[in-house]
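One structure below.
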Amino acid sequence: MAIDPFVPWGSVTPEAEGPRLAVKDVVDVEGLPTGAGHPDLLKEPAERDAEAVARLRSMSVFAGKTHTDELAWSLGGTNRHYGAPENPAAPGHVCGGSSSGSAAAVAGGRADLGLGTDTAGSVRVPASFCGLYGYRPTHSRAPREGIVPVAPSYDVPGLLARELPLLEWAADALIDPAPRPPAPERVWVPADLWSELSPRVGAALATGIRDLGLPVDRTPLGLDVTDAFAITQAAEVWACHGAWVREKRPAFGPGVAARFERAERLTAEEVSLARKTVAEARQRLLDLLEGAVMALPSAPVTAPALGRPARTRAATLRLTCLAPIAGAPVLALPVTRVDGLPLGLSLTAAPGGDENLFALASGA
């Protein structure tokens with residue numbers, strides 16, 4: 001079922017001129033309830049704006065709150081309780097999740113700027129599926145007060161826009177200032193990750209990599225941290241929401257339900273081992289990102305059709321989990337189309353290199 005991207009309990013008519021801001025419904029907006037994608041979680045109206053909303057109000061006009069996947073723990077753009085927003089850039093296809101509503105509102109011209117969150121790709125995947133620019137900030141520079149947590153070690157607010165200058169303007173308002181590291185001198189294209197993709201995806205994005213104008217480094221990542229990331233994420237989700245799940249036993253869609261069942265069964269030994277693996281991966285990523293920008297598809301496929309089960313979560317996490325592990329910023333670019341459907345390229349810099357990503361993408 002395709003639905004309007006705006007939630008009925010958080011839609012307003014902007015009363016002033018300026019870029020219209022759509023806010024994912026895991027983020028508090030003063031005077032409105034926050035639902036986090038599940039009817040059992042709708043709570044009393046928030047007493048104040050989340051810090052991210054407060055900062056963005058300085059350069060935008062609030063346009064309404066938008067649908068999200070259940071507890072933002074999905075990349076699909078669907079929701080058992082509310083349905084799925086229609087993808088204006090690819091009618092008949094999903095928007096991607098979990099910032100699905102914000103992406104749909106921006107892609108459809110209902111908003112100019114979308115505030116979402118990105119734990120494991122929830123801004124970057126919708127950006128790719130909907131043909132938008134997307135931004136995931138350096139973890140240490142992003143305000144998280146007033147946002148329903150998923151996995152706090154990886155959660156950050158993120159942005160979506162149709163135009164790069166507006167996205168950069170909003171990013172500057174959103175993040176904390178920090179010293180700017182040197183500009184990247186090469187583009188790192190991990191050979192092992194790219195070799196796992198469809199040749200058509202690789203060929204379609206090759207021009208975007210060449211346009212960066214940097215020497216290409218094809219050093220393999222040399223590890224697969226997907227399972228370890230998923231375990232650490234699940235452990236944190238359970239720490240945040242497990243007591244509520246055990247008490248209420250709320251209904252979830254099949255994907256989210258399976259992830260909660262797995263999270264409940266995790267052992268301390270599994271989590272400890274996964275955290276060790278993630279820590280080792282983080283150090284390797286930081287080493288390889290020094291002086292470089294990593295280029296990866298924002299998603300390994302184009303948007304799946306509405307109502308058709310997609311079995312690409314593991315392949316997507318293989319790409320999208322790396323930036324959160326490193327605490328690194330990502331700029332997702334709408335580079336091309338395959339079979340008429342949008343497909344994006346994501347650029348990841350070393351932590352703190354947010355401004356370098358915008359400079360590289362704009363040719364500055």
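By convention here, the chains of the structure tokens are called A, B, ... in the order presented, each chain's residues are numbered starting at 1, and ligands are numbered starting at 1 in the order presented.
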
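By chain and then residue number, the residues within 8 Å of Leu159 (chain A) are Leu113, Gly114, Leu115, Gly116, Thr117, Val123, Gly134, Tyr135, Arg136, Leu167, Ala170 and Ala171 of chain A, counting only C-alpha atoms and disregarding those fewer than 6 positions away in sequence.
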
Can you write just those residues out, C-alpha atoms, as an mmCIF file, in the first residue's frame?
data_model
loop_
_atom_site.group_PDB
_atom_site.id
_atom_site.type_symbol
_atom_site.label_atom_id
_atom_site.label_comp_id
_atom_site.auth_asym_id
_atom_site.auth_seq_id
_atom_site.Cartn_x
_atom_site.Cartn_y
_atom_site.Cartn_z
ATOM 1 C CA LEU A 113 15.149 19.361 2.598
ATOM 2 C CA GLY A 114 14.646 16.092 4.444
ATOM 3 C CA LEU A 115 15.937 15.408 7.933
ATOM 4 C CA GLY A 116 16.422 11.689 8.469
ATOM 5 C CA THR A 117 18.685 9.456 10.486
ATOM 6 C CA VAL A 123 19.785 8.148 4.464
ATOM 7 C CA GLY A 134 22.232 12.480 0.892
ATOM 8 C CA TYR A 135 24.553 13.343 3.755
ATOM 9 C CA ARG A 136 25.681 11.355 6.789
ATOM 10 C CA LEU A 167 22.385 20.263 1.208
ATOM 11 C CA ALA A 170 21.951 22.695 5.740
ATOM 12 C CA ALA A 171 24.936 20.532 6.673
#

Find the nearest atom pair between each residue of region 301-347 of chain A and region 180-199 of chain A for residues within 12 Å, count only C-alpha atoms, give distances in Å to one decimal, sort rows by chain and ascending number, and present the table as JSON lines.
{"residue": "A:Val301", "atom": "CA", "partner": "A:Ser198", "partner_atom": "CA", "distance": 8.2}
{"residue": "A:Thr302", "atom": "CA", "partner": "A:Ser198", "partner_atom": "CA", "distance": 11.0}
{"residue": "A:Thr312", "atom": "CA", "partner": "A:Leu197", "partner_atom": "CA", "distance": 11.5}
{"residue": "A:Ala315", "atom": "CA", "partner": "A:Glu196", "partner_atom": "CA", "distance": 8.8}
{"residue": "A:Thr316", "atom": "CA", "partner": "A:Leu197", "partner_atom": "CA", "distance": 10.4}
{"residue": "A:Leu317", "atom": "CA", "partner": "A:Leu193", "partner_atom": "CA", "distance": 11.5}
{"residue": "A:Arg318", "atom": "CA", "partner": "A:Leu193", "partner_atom": "CA", "distance": 8.1}
{"residue": "A:Leu319", "atom": "CA", "partner": "A:Leu193", "partner_atom": "CA", "distance": 7.5}
{"residue": "A:Thr320", "atom": "CA", "partner": "A:Leu193", "partner_atom": "CA", "distance": 11.2}
{"residue": "A:Leu322", "atom": "CA", "partner": "A:Leu193", "partner_atom": "CA", "distance": 11.3}
{"residue": "A:Val338", "atom": "CA", "partner": "A:Ser198", "partner_atom": "CA", "distance": 11.4}
{"residue": "A:Leu345", "atom": "CA", "partner": "A:Val189", "partner_atom": "CA", "distance": 11.4}
{"residue": "A:Ser346", "atom": "CA", "partner": "A:Val189", "partner_atom": "CA", "distance": 11.0}
{"residue": "A:Leu347", "atom": "CA", "partner": "A:Val187", "partner_atom": "CA", "distance": 8.8}

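Minimum atom-to-atom distance to Ala46 (chain A), evaluated using only C-alpha atoms, belongs to A:Val148 out of A:Arg275, A:Val148, A:Thr219, A:Trp73.
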
(request) Determine, counting only C-alpha atoms, which protein, DNA and RNA residues have an atom within 8 Å of an atom of Phe260 (chain A); residues of the same chain fewer than 4 positions away are not included. Present the result as a list in words. (result) Ala234, Trp238, Val256 and Glu264 of chain A

(request) Work out how far apart CA of Thr232 (chain A) and CA of Val245 (chain A) are and give it in Å to one decimal. (result) 18.2 Å

(request) Using DSSP on the backbone, list every residue of region 119-293 of chain A that comes out as strand (DSSP E or B), and give them as a ChimeraX atom specification. (result) /A:133-136,147,156-161,186-188,216-217,292-293

(request) Kindly give the distance, in Å, that separates CA of Arg124 (chain A) and CA of Leu166 (chain A), rounded to a single decimal. (result) 16.8 Å

(request) From a DSSP pass on the backbone, collect the residues of region 19-205 of chain A flagged as helix (DSSP H, G or I) and hand them back as a PyMOL selection string. (result) chain A and resi 39-41+51-56+70-72+100-107+124-130+139-141+164-174+191-195+199-205

(message) Let me make sure I understand: among A:Glu70, A:Phe252, A:Leu306, A:Ala173, which one has the smallest atom-to-atom distance to Val94 (chain A) if we use only C-alpha atoms?
(response)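 Comparing A:Glu70, A:Phe252, A:Leu306, A:Ala173 against Val94 (chain A), the winner is A:Leu306.
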
(request) Excluding Glu290 (chain A) and residues on its chain fewer than 3 positions from it, collect all residues at most 7 Å away from it, counting only C-alpha atoms, and give them as a ChimeraX atom specification. (result) /A:286-287,350

Preceding selection exported with N, CA and C atoms as a CSV table (one decimal), in the first residue's frame:
chain,number,residue,atom,x,y,z
A,286,LEU,N,40.2,3.5,9.2
A,286,LEU,CA,40.8,4.8,9.5
A,286,LEU,C,42.2,4.8,8.8
A,287,ASP,N,42.9,3.7,8.8
A,287,ASP,CA,44.2,3.7,8.1
A,287,ASP,C,44.1,3.9,6.6
A,350,ALA,N,37.6,10.5,5.8
A,350,ALA,CA,38.0,10.3,7.2
A,350,ALA,C,37.2,11.2,8.1

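Across the model, the gap from CA of Ala228 (chain A) to CA of Thr138 (chain A) is 21.2 Å.
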
(message) So that I can see what lies close to Tyr133 (chain A), please list as a list in words the residues with an atom at most 9 Å from it, counting only C-alpha atoms and leaving out residues fewer than 3 positions away in the same chain.
(response) Arg124, Ala127, Ser128, Leu159, Leu160, Ala161, Arg162, Glu163, Leu164, Leu167, Leu331, Ala332, Leu333, Pro334 and Gly344 of chain A

(message) At a cut-off of 8 Å, using only C-alpha atoms, what residues contact Gly83 (chain A)? Leave out same-chain residues fewer than 3 positions from it and give the result as an MDAnalysis selection string.
(response) chainID A and resid 1:3 78:80

With C-alpha atoms retained, write the just-selected residues as a PDB file, in the first residue's frame.
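Everything below was put into again_15.pdb:
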ATOM      1  CA  MET A   1       0.000   0.000   0.000  1.00  0.00           C
ATOM      2  CA  ALA A   2       1.478   3.355  -1.077  1.00  0.00           C
ATOM      3  CA  ILE A   3       0.909   6.162   1.417  1.00  0.00           C
ATOM      4  CA  THR A  78       8.107  -0.361   4.107  1.00  0.00           C
ATOM      5  CA  ASN A  79       6.097  -0.518   7.309  1.00  0.00           C
ATOM      6  CA  ARG A  80       3.645  -3.214   8.429  1.00  0.00           C
TER       7      ARG A  80
END
